[in-house]
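K.L.:
Got a structure for you, questions after.
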Amino acid sequence: MRSARITRTTAETDISVSVSLDGTGTYDNQTGVGFFDHMLDQLARHALIDLEVRCSGDLHIDDHHSVEDVGIALGQALAEALGDKRGIRRYGACLLPMDDALVRAALDLSGRPYLVWSVDFPTPAIGRFDTELVREFFQAFATHGGITLHVDRLHGINSHHIAEAAFKAVARALREAVETDARKADAIPSTKGAL
Ligand SMILES: [Mn+2]
């Protein structure tokens with residue numbers, strides 16, 4: 001089983017993240033930020049990655065540190081669980097509709113962090129959750145997971161739907177990329193021989 005557990009403690013947050021890439025999409029995510037838990041649940045469910053997140057953060061300030069630092073820890077956990085990336089498909093993409101929202105995600109588990117983010121929200125918040133934190137999460141996740149990640153909003157008028165479609169699109173792309181390619185299960189998918 002490709003799995004990892006990361007703990008990360010700073011003056012702002014105290015986090016543990018457990019992932020199992022060969023799971024079935026079970027989840028237990030408790031960050032103290034309800035909407036964010038809902039998004040992490042979507043990520044696990046649609047990537048078929050088992051995910052358990054605990055975060056005790058400085059929510060008396062705002063949600064920023066908690067969301068960003070969970071992104072960092074989740075990226076680190078993904079990278080550790082992937083190991084040398086032998087046998088993975090490496091690339092994944094998904095065009096995901098959710099009612100009015102249509103989001104495209106494409107990613108490469110390249111080891112080269114790069115985020116291209118073109119997701120505008122019509123409102124600054126979803127309930128009490130700042131919509132700008134969605135980008136912050138994926139920036140941290142891509143950076144620490146070594147992921148080249150492109151996410152584009154092609155349509156959408158409801159911020160909750162747009163955010164959820166973004167998480168689900170990335171999840172489906174991730175599912176594809178981390179899966180083992182049976183035709184080349186013992187090889188690292190790069191002509192360089194390393195990722
Ligand atoms: Mn929802």
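Labels used: A, B, ... for chains in the order of the structure tokens, numbers from 1 for residues in each chain, and numbers from 1 for ligands as shown.
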Can you pull out every residue from region 34-194 of chain A that DSSP, working from the backbone, puts in strand (DSSP E), and format the result as a VMD selection string?
P.N.:
chain A and resid 50 to 57 91 to 98 101 to 108 114 to 118 125 to 126 129 to 130 148 to 155
K.L.:
Counting only C-alpha atoms and all ligand atoms, which residues in chain A sit no more than 8 Å from ligand 1? For each one, give the nearest pair of atoms and the distance in Å, sorted by chain then residue number, as a Markdown table.
P.N.:
```
| residue | atom | partner | partner_atom_place_in_ligand_line | distance |
| --- | --- | --- | --- | --- |
| A:His38 | CA | ligand 1 | 1 (Mn) | 6.9 |
| A:Met39 | CA | ligand 1 | 1 (Mn) | 7.7 |
| A:His160 | CA | ligand 1 | 1 (Mn) | 6.4 |
| A:His161 | CA | ligand 1 | 1 (Mn) | 6.7 |
| A:Glu164 | CA | ligand 1 | 1 (Mn) | 6.1 |
```
K.L.:
For the residues in that selection, give me N, CA, C and O atoms as an mmCIF file, in the first residue's frame.
P.N.:
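File written: out.cif
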```cif
data_model
loop_
_atom_site.group_PDB
_atom_site.id
_atom_site.type_symbol
_atom_site.label_atom_id
_atom_site.label_comp_id
_atom_site.auth_asym_id
_atom_site.auth_seq_id
_atom_site.Cartn_x
_atom_site.Cartn_y
_atom_site.Cartn_z
ATOM 1 N N HIS A 38 -15.644 19.843 4.022
ATOM 2 C CA HIS A 38 -16.522 19.387 2.926
ATOM 3 C C HIS A 38 -15.718 19.226 1.637
ATOM 4 O O HIS A 38 -15.893 18.247 0.890
ATOM 5 N N MET A 39 -14.789 20.141 1.368
ATOM 6 C CA MET A 39 -13.975 20.067 0.150
ATOM 7 C C MET A 39 -12.948 18.930 0.240
ATOM 8 O O MET A 39 -12.711 18.214 -0.743
ATOM 9 N N HIS A 160 -20.133 28.236 -4.369
ATOM 10 C CA HIS A 160 -20.050 26.900 -3.750
ATOM 11 C C HIS A 160 -19.861 25.839 -4.837
ATOM 12 O O HIS A 160 -19.000 24.959 -4.722
ATOM 13 N N HIS A 161 -20.626 25.935 -5.897
ATOM 14 C CA HIS A 161 -20.504 24.964 -6.987
ATOM 15 C C HIS A 161 -19.140 25.052 -7.669
ATOM 16 O O HIS A 161 -18.543 24.025 -8.024
ATOM 17 N N GLU A 164 -16.486 23.537 -5.350
ATOM 18 C CA GLU A 164 -16.650 22.086 -5.253
ATOM 19 C C GLU A 164 -16.272 21.401 -6.561
ATOM 20 O O GLU A 164 -15.631 20.336 -6.551
#
```
K.L.:
Go through A:Ala125, A:Glu12, A:Trp117, A:Gly193 one by one, measure the shortest atom-to-atom distance of each to Ile61 (chain A) using only C-alpha atoms, and give the residue with the smallest value.
P.N.:
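Ranked by minimum distance to Ile61 (chain A), first place goes to A:Glu12.
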K.L.:
Looking at only C-alpha atoms, which of A:Ala166, A:Gly111, A:Pro124, A:Asp28 is the one that sits closest to Ala79 (chain A)?
P.N.:
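With only C-alpha atoms as the atom set, the closest residue is A:Gly111.
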K.L.:
Write out as number ranges by chain which residues come within 6 Å of Gly75 (chain A) when counting only C-alpha atoms, dropping same-chain ones fewer than 6 positions away.
P.N.:
A: 141, 144-145
K.L.:
Restricting it to N, CA, C and O atoms, dump the selection as a compact mmCIF listing (two decimals), in the first residue's frame.
P.N.:
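What follows is the written file result.txt:
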```txt
# COMPACT_ATOMS: atom_id res chain seq x y z
N PHE A 141 -0.58 22.89 -2.01
CA PHE A 141 -0.63 21.46 -2.38
C PHE A 141 0.28 21.17 -3.58
O PHE A 141 1.07 20.21 -3.57
N HIS A 144 4.16 21.66 -2.57
CA HIS A 144 4.76 20.65 -1.69
C HIS A 144 4.54 19.22 -2.20
O HIS A 144 5.23 18.30 -1.76
N GLY A 145 3.61 19.07 -3.13
CA GLY A 145 3.41 17.76 -3.74
C GLY A 145 4.24 17.57 -5.01
O GLY A 145 4.26 16.49 -5.59
```
K.L.:
When you count only C-alpha atoms, which of these residues is closest to Leu48 (chain A): A:Arg175, A:Lys192, A:Arg183, A:Arg153?
P.N.:
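With only C-alpha atoms as the atom set, the closest residue is A:Arg175.
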K.L.:
Using only C-alpha atoms, which of A:Thr31, A:Ala77, A:Gln42, A:Ile188 sits nearest Ser56 (chain A)?
P.N.:
A:Thr31
K.L.:
How many Å lie between CA of Phe138 (chain A) and CA of Pro113 (chain A), rounded to one decimal?
P.N.:
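It comes out at 10.8 Å.
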K.L.:
Of the candidates A:Leu96, A:Ile15, A:Ala105, A:Ile126, which one gets nearest to Gly34 (chain A) if we count only C-alpha atoms?
P.N.:
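Under the stated criterion, the closest residue is A:Ile126.
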K.L.:
Nearest to Asp152 (chain A) among A:Val116, A:Ala140, A:Val17, A:Leu82, with distances taken over only C-alpha atoms: which residue is it?
P.N.:
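Once distances to Asp152 (chain A) are computed over only C-alpha atoms, the minimum belongs to A:Val116.
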K.L.:
Find the distance between CA of Phe137 (chain A) and CA of Asp22 (chain A) and write it in Å to one decimal.
P.N.:
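One can read the CA of Phe137 (chain A) to CA of Asp22 (chain A) distance as 23.0 Å.
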K.L.:
So what do you get for CA of Gly87 (chain A) versus CA of Ser3 (chain A), distance-wise?
P.N.:
15.4 Å
K.L.:
Run DSSP on the backbone and give me the residues of region 41-81 of chain A it puts in alpha helix (DSSP H), as a PyMOL selection string.
P.N.:
chain A and resi 41-47+64-81
K.L.:
Name all residues at most 9 Å from region 167-169 of chain A (count only C-alpha atoms; drop same-chain ones fewer than 6 positions away) and give them as a PyMOL selection string.
P.N.:
chain A and resi 39-40+42-43+45-47+93-97+103-106+134+151
K.L.:
Could you name the residues that touch Asp50 (chain A) at 6 Å or less, counting only C-alpha atoms, but leaving out those on the same chain fewer than 6 positions away, as a PyMOL selection string?
P.N.:
chain A and resi 19-20+23+25-27+44
K.L.:
Grab the residues selected above and save them as a compact mmCIF listing (two decimals), in the first residue's frame with N, CA and C atoms.
P.N.:
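The new file selection30.txt reads:
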```txt
# COMPACT_ATOMS: atom_id res chain seq x y z
N VAL A 19 -2.60 9.63 4.38
CA VAL A 19 -3.15 9.29 3.06
C VAL A 19 -2.82 7.85 2.71
N SER A 20 -3.74 7.23 2.00
CA SER A 20 -3.47 5.94 1.39
C SER A 20 -3.94 6.02 -0.06
N GLY A 23 -6.49 3.41 -1.62
CA GLY A 23 -7.68 3.24 -0.80
C GLY A 23 -8.95 3.20 -1.63
N GLY A 25 -11.37 5.80 -0.98
CA GLY A 25 -12.00 7.11 -0.86
C GLY A 25 -12.69 7.33 0.47
N THR A 26 -12.25 6.63 1.52
CA THR A 26 -12.81 6.89 2.85
C THR A 26 -12.19 8.18 3.40
N TYR A 27 -12.89 8.85 4.28
CA TYR A 27 -12.36 10.13 4.77
C TYR A 27 -12.87 10.43 6.18
N ALA A 44 -11.01 13.32 -1.29
CA ALA A 44 -10.78 11.91 -0.96
C ALA A 44 -11.72 11.00 -1.74
```
